[in-house]
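Note: the block below is run_33.cif and it holds mmCIF, C-alpha atoms.
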data_query
loop_
_atom_site.group_PDB
_atom_site.id
_atom_site.type_symbol
_atom_site.label_atom_id
_atom_site.label_comp_id
_atom_site.auth_asym_id
_atom_site.auth_seq_id
_atom_site.Cartn_x
_atom_site.Cartn_y
_atom_site.Cartn_z
ATOM 1 C CA MET A 11 -124.979 82.185 -97.574
ATOM 2 C CA ASN A 12 -122.254 79.790 -96.468
ATOM 3 C CA ILE A 13 -123.081 76.189 -97.425
ATOM 4 C CA THR A 14 -120.894 73.573 -95.734
ATOM 5 C CA ALA A 15 -119.237 70.733 -97.615
ATOM 6 C CA ASP A 16 -120.919 68.285 -95.226
ATOM 7 C CA ALA A 17 -124.377 69.583 -96.167
ATOM 8 C CA VAL A 18 -123.574 69.189 -99.859
ATOM 9 C CA LYS A 19 -122.298 65.658 -99.207
ATOM 10 C CA GLN A 20 -125.472 64.685 -97.347
ATOM 11 C CA LEU A 21 -127.675 66.054 -100.111
ATOM 12 C CA ARG A 22 -125.665 64.239 -102.780
ATOM 13 C CA GLU A 23 -126.114 60.960 -100.902
ATOM 14 C CA ARG A 24 -129.856 61.546 -100.637
ATOM 15 C CA THR A 25 -130.466 62.633 -104.216
ATOM 16 C CA GLY A 26 -127.655 61.165 -106.315
ATOM 17 C CA ALA A 27 -127.305 64.542 -108.048
ATOM 18 C CA GLY A 28 -124.120 66.454 -108.855
ATOM 19 C CA MET A 29 -122.224 68.594 -106.349
ATOM 20 C CA MET A 30 -122.986 71.938 -108.016
ATOM 21 C CA GLU A 31 -126.678 71.088 -108.346
ATOM 22 C CA CYS A 32 -126.811 70.189 -104.659
ATOM 23 C CA LYS A 33 -125.049 73.375 -103.612
ATOM 24 C CA LYS A 34 -127.407 75.477 -105.729
ATOM 25 C CA ALA A 35 -130.451 73.771 -104.181
ATOM 26 C CA LEU A 36 -129.113 74.384 -100.673
ATOM 27 C CA VAL A 37 -128.518 78.057 -101.466
ATOM 28 C CA GLU A 38 -132.069 78.385 -102.831
ATOM 29 C CA THR A 39 -133.540 76.772 -99.692
ATOM 30 C CA LYS A 40 -131.250 78.673 -97.299
ATOM 31 C CA GLY A 41 -129.473 75.503 -96.153
ATOM 32 C CA ASP A 42 -132.622 73.508 -95.322
ATOM 33 C CA LEU A 43 -131.598 69.951 -96.198
ATOM 34 C CA ASP A 44 -135.129 68.547 -96.372
ATOM 35 C CA ALA A 45 -136.383 71.405 -98.511
ATOM 36 C CA ALA A 46 -133.345 71.091 -100.770
ATOM 37 C CA ALA A 47 -133.939 67.357 -101.169
ATOM 38 C CA GLU A 48 -137.548 68.058 -102.132
ATOM 39 C CA LEU A 49 -136.409 70.664 -104.636
ATOM 40 C CA MET A 50 -133.883 68.232 -106.114
ATOM 41 C CA ARG A 51 -136.586 65.585 -106.380
ATOM 42 C CA LYS A 52 -138.752 67.975 -108.361
ATOM 43 C CA GLN A 53 -135.833 68.882 -110.582
ATOM 44 C CA GLY A 54 -135.014 65.219 -110.986
ATOM 45 C CA LEU A 55 -138.565 64.445 -112.025
ATOM 46 C CA ALA A 56 -138.437 67.131 -114.692
ATOM 47 C CA LYS A 57 -135.163 65.794 -116.062
ATOM 48 C CA ALA A 58 -136.421 62.214 -116.019
ATOM 49 C CA ASP A 59 -139.620 63.141 -117.839
ATOM 50 C CA LYS A 60 -137.709 65.001 -120.556
ATOM 51 C CA LYS A 61 -135.563 61.946 -121.216
ATOM 52 C CA ALA A 62 -138.383 59.391 -121.043
ATOM 53 C CA ALA A 63 -139.016 59.543 -124.796
ATOM 54 C CA ARG A 64 -135.435 58.650 -125.671
ATOM 55 C CA VAL A 65 -134.783 55.070 -126.728
ATOM 56 C CA ALA A 66 -133.147 52.944 -124.042
ATOM 57 C CA ALA A 67 -132.092 49.728 -125.774
ATOM 58 C CA GLU A 68 -128.852 48.968 -123.929
ATOM 59 C CA GLY A 69 -128.614 47.672 -120.365
ATOM 60 C CA VAL A 70 -128.277 44.469 -118.397
ATOM 61 C CA ILE A 71 -130.074 41.269 -117.510
ATOM 62 C CA VAL A 72 -129.795 40.337 -113.832
ATOM 63 C CA VAL A 73 -130.811 37.038 -112.211
ATOM 64 C CA ARG A 74 -131.144 36.418 -108.479
ATOM 65 C CA LYS A 75 -131.966 33.084 -106.799
ATOM 66 C CA SER A 76 -133.421 32.524 -103.332
ATOM 67 C CA ALA A 77 -131.376 30.888 -100.573
ATOM 68 C CA ASP A 78 -133.185 27.571 -101.082
ATOM 69 C CA ALA A 79 -132.621 27.812 -104.883
ATOM 70 C CA HIS A 80 -136.309 27.137 -105.580
ATOM 71 C CA THR A 81 -137.225 30.678 -106.636
ATOM 72 C CA ALA A 82 -135.495 33.096 -108.990
ATOM 73 C CA ALA A 83 -136.131 36.595 -110.307
ATOM 74 C CA MET A 84 -134.879 37.961 -113.602
ATOM 75 C CA ALA A 85 -135.075 41.581 -114.710
ATOM 76 C CA GLU A 86 -134.089 43.690 -117.696
ATOM 77 C CA ILE A 87 -132.969 47.213 -116.849
ATOM 78 C CA ASN A 88 -132.304 49.522 -119.788
ATOM 79 C CA CYS A 89 -130.284 52.648 -120.516
ATOM 80 C CA GLU A 90 -129.230 54.434 -123.688
ATOM 81 C CA THR A 91 -125.551 53.498 -123.983
ATOM 82 C CA ASP A 92 -123.316 50.552 -123.239
ATOM 83 C CA PHE A 93 -121.000 52.917 -121.368
ATOM 84 C CA VAL A 94 -123.677 53.625 -118.760
ATOM 85 C CA ALA A 95 -124.656 49.925 -118.666
ATOM 86 C CA ARG A 96 -121.137 49.159 -117.418
ATOM 87 C CA GLY A 97 -121.247 51.836 -114.700
ATOM 88 C CA ASP A 98 -121.310 50.984 -110.999
ATOM 89 C CA ASP A 99 -124.386 53.105 -110.196
ATOM 90 C CA PHE A 100 -126.441 51.537 -112.986
ATOM 91 C CA ARG A 101 -125.326 48.009 -112.098
ATOM 92 C CA ALA A 102 -126.095 48.572 -108.394
ATOM 93 C CA PHE A 103 -129.583 49.801 -109.318
ATOM 94 C CA ALA A 104 -130.223 46.751 -111.525
ATOM 95 C CA GLU A 105 -129.050 44.394 -108.785
ATOM 96 C CA GLY A 106 -131.241 46.157 -106.232
ATOM 97 C CA VAL A 107 -134.333 46.017 -108.441
ATOM 98 C CA THR A 108 -133.908 42.297 -109.055
ATOM 99 C CA SER A 109 -133.328 41.586 -105.376
ATOM 100 C CA VAL A 110 -136.509 43.328 -104.232
ATOM 101 C CA ALA A 111 -138.447 41.616 -107.027
ATOM 102 C CA LEU A 112 -137.245 38.267 -105.668
ATOM 103 C CA GLU A 113 -138.026 39.178 -102.068
ATOM 104 C CA GLN A 114 -141.421 40.832 -102.581
ATOM 105 C CA ARG A 115 -142.697 39.214 -105.800
ATOM 106 C CA PRO A 116 -144.694 42.244 -107.009
ATOM 107 C CA ALA A 117 -147.648 41.761 -109.333
ATOM 108 C CA ASP A 118 -146.455 44.120 -112.066
ATOM 109 C CA LEU A 119 -144.017 46.898 -112.968
ATOM 110 C CA THR A 120 -146.082 49.531 -111.159
ATOM 111 C CA ALA A 121 -145.955 47.525 -107.946
ATOM 112 C CA LEU A 122 -142.240 46.914 -108.433
ATOM 113 C CA GLY A 123 -141.636 50.632 -108.864
ATOM 114 C CA ALA A 124 -143.249 51.312 -105.475
ATOM 115 C CA LEU A 125 -141.067 48.837 -103.567
ATOM 116 C CA ARG A 126 -138.392 50.216 -101.246
ATOM 117 C CA LEU A 127 -134.716 49.602 -101.836
ATOM 118 C CA PRO A 128 -132.301 49.211 -98.869
ATOM 119 C CA SER A 129 -131.483 52.927 -99.243
ATOM 120 C CA GLY A 130 -135.069 53.795 -98.328
ATOM 121 C CA GLU A 131 -135.929 55.109 -101.786
ATOM 122 C CA SER A 132 -138.543 53.421 -103.905
ATOM 123 C CA VAL A 133 -137.388 51.776 -107.132
ATOM 124 C CA GLU A 134 -139.054 54.559 -109.114
ATOM 125 C CA GLU A 135 -137.499 57.315 -106.988
ATOM 126 C CA ARG A 136 -134.052 55.800 -107.441
ATOM 127 C CA ARG A 137 -134.598 55.396 -111.183
ATOM 128 C CA ARG A 138 -135.491 59.051 -111.561
ATOM 129 C CA ALA A 139 -132.555 60.119 -109.405
ATOM 130 C CA LEU A 140 -130.239 58.121 -111.673
ATOM 131 C CA VAL A 141 -131.730 59.759 -114.772
ATOM 132 C CA ALA A 142 -130.989 63.155 -113.233
ATOM 133 C CA LYS A 143 -127.470 62.134 -112.212
ATOM 134 C CA ILE A 144 -126.372 60.186 -115.296
ATOM 135 C CA GLY A 145 -128.253 62.125 -117.956
ATOM 136 C CA GLU A 146 -129.692 59.132 -119.821
ATOM 137 C CA ASN A 147 -133.134 57.600 -119.986
ATOM 138 C CA ILE A 148 -133.223 54.571 -117.669
ATOM 139 C CA SER A 149 -136.105 52.122 -117.509
ATOM 140 C CA VAL A 150 -137.132 48.961 -115.705
ATOM 141 C CA ARG A 151 -138.456 47.181 -118.759
ATOM 142 C CA ARG A 152 -139.603 43.802 -117.461
ATOM 143 C CA PHE A 153 -139.149 41.189 -114.764
ATOM 144 C CA THR A 154 -140.301 37.697 -113.935
ATOM 145 C CA VAL A 155 -140.272 35.517 -110.839
ATOM 146 C CA ILE A 156 -140.297 31.739 -111.317
ATOM 147 C CA ASN A 157 -140.738 29.123 -108.608
ATOM 148 C CA ALA A 158 -139.843 25.429 -108.882
ATOM 149 C CA ALA A 159 -140.673 22.803 -106.289
ATOM 150 C CA GLU A 160 -137.783 20.634 -107.535
ATOM 151 C CA HIS A 161 -135.124 22.086 -109.849
ATOM 152 C CA LEU A 162 -134.651 25.646 -111.038
ATOM 153 C CA GLY A 163 -131.989 26.361 -113.647
ATOM 154 C CA ALA A 164 -130.617 29.871 -114.053
ATOM 155 C CA TYR A 165 -128.055 31.106 -116.533
ATOM 156 C CA VAL A 166 -126.775 34.549 -117.564
ATOM 157 C CA HIS A 167 -124.551 34.911 -120.613
ATOM 158 C CA GLY A 168 -122.390 37.943 -119.896
ATOM 159 C CA THR A 169 -124.888 40.615 -118.923
ATOM 160 C CA ARG A 170 -127.091 40.621 -122.026
ATOM 161 C CA ILE A 171 -128.938 37.273 -122.081
ATOM 162 C CA GLY A 172 -130.575 35.456 -119.190
ATOM 163 C CA ALA A 173 -132.709 32.343 -118.861
ATOM 164 C CA LEU A 174 -134.699 30.560 -116.151
ATOM 165 C CA VAL A 175 -136.080 27.009 -116.418
ATOM 166 C CA ALA A 176 -138.266 25.175 -113.894
ATOM 167 C CA VAL A 177 -137.951 21.388 -114.123
ATOM 168 C CA ARG A 178 -139.713 18.487 -112.429
ATOM 169 C CA GLY A 179 -137.734 15.264 -112.165
ATOM 170 C CA GLY A 180 -134.277 14.388 -113.476
ATOM 171 C CA PRO A 181 -130.950 15.524 -111.982
ATOM 172 C CA ALA A 182 -130.397 19.087 -110.753
ATOM 173 C CA LEU A 183 -127.739 19.619 -113.411
ATOM 174 C CA LEU A 184 -130.362 19.116 -116.127
ATOM 175 C CA ALA A 185 -132.142 22.334 -115.152
ATOM 176 C CA HIS A 186 -128.906 24.315 -115.468
ATOM 177 C CA ASP A 187 -128.093 22.739 -118.829
ATOM 178 C CA LEU A 188 -131.574 23.560 -120.105
ATOM 179 C CA ALA A 189 -131.197 27.181 -118.965
ATOM 180 C CA MET A 190 -127.994 27.365 -121.005
ATOM 181 C CA HIS A 191 -129.846 25.813 -123.948
ATOM 182 C CA VAL A 192 -132.693 28.337 -123.724
ATOM 183 C CA ALA A 193 -130.193 31.203 -123.594
ATOM 184 C CA ALA A 194 -128.393 29.884 -126.692
ATOM 185 C CA SER A 195 -131.296 28.639 -128.823
ATOM 186 C CA ASN A 196 -134.076 31.101 -127.954
ATOM 187 C CA PRO A 197 -137.146 28.844 -128.181
ATOM 188 C CA ARG A 198 -140.436 30.740 -128.408
ATOM 189 C CA TYR A 199 -142.695 28.013 -127.036
ATOM 190 C CA LEU A 200 -142.416 24.943 -124.835
ATOM 191 C CA SER A 201 -143.838 22.394 -127.287
ATOM 192 C CA ALA A 202 -145.756 22.229 -130.570
ATOM 193 C CA ALA A 203 -148.994 22.015 -128.565
ATOM 194 C CA ASP A 204 -148.243 25.434 -127.067
ATOM 195 C CA VAL A 205 -147.825 27.225 -130.403
ATOM 196 C CA PRO A 206 -150.899 29.456 -131.005
ATOM 197 C CA ALA A 207 -153.250 28.234 -133.751
ATOM 198 C CA GLU A 208 -152.864 31.459 -135.720
ATOM 199 C CA VAL A 209 -149.060 31.044 -135.779
ATOM 200 C CA VAL A 210 -149.408 27.468 -137.037
ATOM 201 C CA ALA A 211 -151.946 28.536 -139.677
ATOM 202 C CA LYS A 212 -149.727 31.329 -140.959
ATOM 203 C CA GLU A 213 -146.709 29.045 -141.172
ATOM 204 C CA ARG A 214 -148.753 26.400 -143.017
ATOM 205 C CA GLU A 215 -149.946 29.052 -145.466
ATOM 206 C CA ILE A 216 -146.404 30.186 -146.227
ATOM 207 C CA LEU A 217 -145.099 26.625 -146.618
ATOM 208 C CA THR A 218 -148.018 25.710 -148.878
ATOM 209 C CA GLU A 219 -147.286 28.586 -151.243
ATOM 210 C CA GLN A 220 -143.638 27.591 -151.334
ATOM 211 C CA ALA A 221 -144.434 23.939 -152.065
ATOM 212 C CA GLN A 222 -147.002 24.774 -154.747
ATOM 213 C CA GLY A 223 -144.372 26.847 -156.507
ATOM 214 C CA GLU A 224 -142.295 23.700 -156.957
ATOM 215 C CA GLY A 225 -144.904 22.233 -159.345
ATOM 216 C CA LYS A 226 -145.625 19.051 -157.362
ATOM 217 C CA PRO A 227 -149.028 17.222 -157.415
ATOM 218 C CA PRO A 228 -151.503 18.333 -154.665
ATOM 219 C CA GLU A 229 -151.134 15.127 -152.621
ATOM 220 C CA ILE A 230 -147.341 15.491 -152.640
ATOM 221 C CA VAL A 231 -147.639 19.163 -151.697
ATOM 222 C CA ALA A 232 -149.801 18.256 -148.680
ATOM 223 C CA ARG A 233 -147.229 15.753 -147.382
ATOM 224 C CA MET A 234 -144.364 18.177 -148.034
ATOM 225 C CA VAL A 235 -146.133 20.944 -146.129
ATOM 226 C CA GLU A 236 -146.852 18.806 -143.069
ATOM 227 C CA GLY A 237 -143.282 17.535 -142.956
ATOM 228 C CA ARG A 238 -141.835 21.015 -143.267
ATOM 229 C CA LEU A 239 -144.327 22.318 -140.703
ATOM 230 C CA ARG A 240 -143.158 19.756 -138.141
ATOM 231 C CA LYS A 241 -139.566 20.814 -138.784
ATOM 232 C CA SER A 242 -140.443 24.504 -138.525
ATOM 233 C CA LEU A 243 -142.327 24.033 -135.253
ATOM 234 C CA GLY A 244 -139.450 21.969 -133.902
ATOM 235 C CA GLU A 245 -137.072 24.881 -134.480
ATOM 236 C CA ILE A 246 -139.145 27.337 -132.427
ATOM 237 C CA THR A 247 -140.128 25.005 -129.558
ATOM 238 C CA LEU A 248 -137.930 23.939 -126.682
ATOM 239 C CA ALA A 249 -139.015 20.307 -126.921
ATOM 240 C CA GLY A 250 -138.333 20.115 -130.645
ATOM 241 C CA GLN A 251 -134.903 21.750 -130.693
ATOM 242 C CA ALA A 252 -131.649 19.821 -130.864
ATOM 243 C CA PHE A 253 -129.984 19.952 -127.439
ATOM 244 C CA VAL A 254 -127.006 22.324 -127.597
ATOM 245 C CA LYS A 255 -124.697 19.993 -125.664
ATOM 246 C CA ASP A 256 -125.649 16.984 -127.824
ATOM 247 C CA PRO A 257 -127.182 17.992 -131.192
ATOM 248 C CA ASP A 258 -128.009 14.352 -131.970
ATOM 249 C CA VAL A 259 -130.691 14.418 -129.252
ATOM 250 C CA THR A 260 -133.758 16.654 -129.076
ATOM 251 C CA VAL A 261 -134.689 18.288 -125.782
ATOM 252 C CA GLU A 262 -137.881 16.203 -125.818
ATOM 253 C CA LYS A 263 -135.820 13.000 -126.020
ATOM 254 C CA LEU A 264 -133.449 14.265 -123.340
ATOM 255 C CA LEU A 265 -136.324 14.938 -120.956
ATOM 256 C CA LYS A 266 -137.848 11.522 -121.674
ATOM 257 C CA ASN A 267 -134.544 9.757 -120.959
ATOM 258 C CA ASP A 268 -134.219 11.595 -117.621
ATOM 259 C CA LYS A 269 -137.920 11.180 -116.756
ATOM 260 C CA ALA A 270 -138.157 14.955 -116.441
ATOM 261 C CA GLN A 271 -140.588 17.692 -117.452
ATOM 262 C CA VAL A 272 -140.103 21.403 -118.104
ATOM 263 C CA LEU A 273 -142.820 23.303 -116.260
ATOM 264 C CA ALA A 274 -141.868 26.823 -117.318
ATOM 265 C CA PHE A 275 -139.059 28.814 -118.897
ATOM 266 C CA GLU A 276 -138.258 32.448 -119.609
ATOM 267 C CA ARG A 277 -135.552 34.118 -121.683
ATOM 268 C CA TYR A 278 -134.594 37.794 -121.727
ATOM 269 C CA GLU A 279 -132.198 39.509 -124.088
ATOM 270 C CA VAL A 280 -131.222 43.146 -123.684
ATOM 271 C CA GLY A 281 -133.085 45.344 -126.141
ATOM 272 C CA ALA A 282 -134.995 42.494 -127.824
ATOM 273 C CA GLY A 283 -137.992 43.949 -129.628
ATOM 274 C CA ILE A 284 -136.976 47.568 -129.034
ATOM 275 C CA GLU A 285 -136.694 49.572 -132.219
ATOM 276 C CA LYS A 286 -133.311 51.244 -132.069
ATOM 277 C CA LYS A 287 -132.799 54.617 -133.658
ATOM 278 C CA SER A 288 -130.241 54.389 -136.432
ATOM 279 C CA GLU A 289 -127.585 57.046 -136.274
ATOM 280 C CA ASP A 290 -127.345 58.757 -139.660
ATOM 281 C CA PHE A 291 -125.262 61.896 -139.307
ATOM 282 C CA VAL A 292 -125.711 63.034 -142.900
ATOM 283 C CA ALA A 293 -129.504 62.633 -142.771
ATOM 284 C CA ASP A 294 -129.620 64.451 -139.445
ATOM 285 C CA VAL A 295 -127.650 67.396 -140.837
ATOM 286 C CA MET A 296 -129.809 67.514 -143.979
ATOM 287 C CA ALA A 297 -132.965 67.530 -141.877
ATOM 288 C CA GLN A 298 -131.641 70.465 -139.888
ATOM 289 C CA VAL A 299 -130.696 72.318 -143.066
ATOM 290 C CA LYS A 300 -134.160 71.792 -144.564
ATOM 291 C CA GLY A 301 -135.753 72.995 -141.367
ATOM 292 C CA ALA A 302 -133.619 76.142 -141.162
ATOM 293 C CA ASP A 303 -134.799 79.617 -142.151
ATOM 294 C CA PRO A 304 -134.403 80.493 -145.843
ATOM 295 C CA VAL A 305 -131.047 81.987 -146.721
ATOM 296 C CA ARG A 306 -131.198 85.752 -146.837
ATOM 297 C CA HIS A 307 -129.433 87.421 -149.788
#
Turn this file's structure into structure tokens for me.
Amino acid sequence: MNITADAVKQLRERTGAGMMECKKALVETKGDLDAAAELMRKQGLAKADKKAARVAAEGVIVVRKSADAHTAAMAEINCETDFVARGDDFRAFAEGVTSVALEQRPADLTALGALRLPSGESVEERRRALVAKIGENISVRRFTVINAAEHLGAYVHGTRIGALVAVRGGPALLAHDLAMHVAASNPRYLSAADVPAEVVAKEREILTEQAQGEGKPPEIVARMVEGRLRKSLGEITLAGQAFVKDPDVTVEKLLKNDKAQVLAFERYEVGAGIEKKSEDFVADVMAQVKGADPVRH
């Protein structure tokens, strides 16, 4: 059957698949574009599912702010290699996902996956089509939408680290500076009061064992532990950290001077917390050798 170049082009635009795959689908469906698109979708789903178990620890962080600058969305979209992360198709997908998250403010990843992109595809349909086209596992790992009645700071370092900070009071520039600080210093909590009790208890236990090993009297150990605990909590809390643009001042002091308050913050880093598979060629070869059939003599 003669399949026109225009039909192949239309199917490629609809599915994102390769030219030969599109032509084959059209031949199988006798030129029926809708049926071919459905067939390609099924094939795309199979390919996507096969790749879903592969580790996707590369990718990008994308931030989008609303026109009034009071709301921002941030998303982490992952793939398997940095090469794909730099590709136009992957970047366009990441931008589209973040934009619809900002516009629609879905409740969770499932709801985000069902949202429609400008192309008419859902986020999940487009993700699967990209998996089929590119040949790598691609995932929408996480997203957040933050609203600020006053100031909202947003900062992206390259494409791998992003931060959002909602601030009440102070100058607008403060929110941007704090977003840069969060990106650079990676605080885990807002203040010491926000650190979970079990985290504090574990840190106190560790510091106590360290201090006792120094052979000091119990009353000295107690004071040493509390002092070190304050320092340790300061290092993991936004309020307690030294401000990156002026290390002589803590963020808490900076906020006090500007009569400002941080209401919320979020920081994403590509691949943070994902266990990456180490590439060990020798071990891989040895594993294959051990798993091979016994040598026949």
Going by the chain IDs and residue numbers used in this file, which residues fall under the PyMOL selection byres ((chain A and resi 120-127) around 10)? Write them as number ranges by chain. A: 103, 106-111, 114-119, 128-137, 150, 152-153
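Among the candidates A:Arg240, A:Gly179, A:Ser76, A:Lys226, the one nearest to Lys266 in chain A when counting only C-alpha atoms is A:Gly179.
Our summary of the geometry notes that CA of Pro181 in chain A is positioned 14.3 Å from CA of Ala79 in chain A.
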Coordinates-based distance that separates CA of Arg138 in chain A from CA of Glu68 in chain A (Å, one decimal): 17.3 Å
Axis-aligned box over every listed atom of range 148-155 of chain A, padded by 3 Å per side: centre and edges in Å to one decimal, as lines of an AutoDock Vina configuration file?
center_x = -136.8
center_y = 45.0
center_z = -114.8
size_x = 13.1
size_y = 25.1
size_z = 13.9
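The smallest atom-to-atom distance between Arg214 in chain A and any of A:Lys263, A:Arg233, A:Lys143, A:Lys19, using only C-alpha atoms, is found for A:Arg233.
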Run through the PyMOL selection byres ((chain A and resi 66) around 8) on the given coordinates and return the selected residues as a ChimeraX atom specification. /A:64-65,67-69,88-91,147-149,281
One decimal, Å: what's the distance from CA of Leu188 in chain A over to CA of Val259 in chain A, could you say? 13.0 Å
Given the file shown, determine the residues that the PyMOL selection byres ((chain A and resi 165) around 6) selects; report them as a PyMOL selection string. chain A and resi 164+166+172-173+189-190
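If you measure from each of A:Arg151, A:His161, A:His186, A:Arg170 to Asp92 in chain A using all atoms listed in the file, the closest one turns out to be A:Arg170.
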Under the rule that all atoms listed in the file are counted, which of A:Ile71, A:Leu162, A:Val94, A:Val280 is the nearest residue to Gly180 in chain A? A:Leu162
Dump as an MDAnalysis selection string all residues having an atom at most 9 Å from (-133.8, 32.3, -110.5), computed in the file's coordinates with all atoms listed in the file. chainID A and resid 73:76 79:84 112 155:157 162:165 173:175
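These residues, each with an atom at most 12 Å from (-149.6, 19.5, -150.4) using only C-alpha atoms, are Arg214, Glu215, Ile216, Leu217, Thr218, Glu219, Gln220, Ala221, Gln222, Gly223, Glu224, Gly225, Lys226, Pro227, Pro228, Glu229, Ile230, Val231, Ala232, Arg233, Met234, Val235, Glu236, Gly237, Arg238 and Leu239 of chain A.
Closest approach to Leu184 in chain A from the set A:Ala35, A:Leu49, A:Val261, A:Ala85 is made by A:Val261, with distances taken over all atoms listed in the file.
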What's the 7 Å shell around Ala249 in chain A, counting all atoms listed in the file, without same-chain residues fewer than 6 positions away, as number ranges by chain? A: 200-201, 260-262
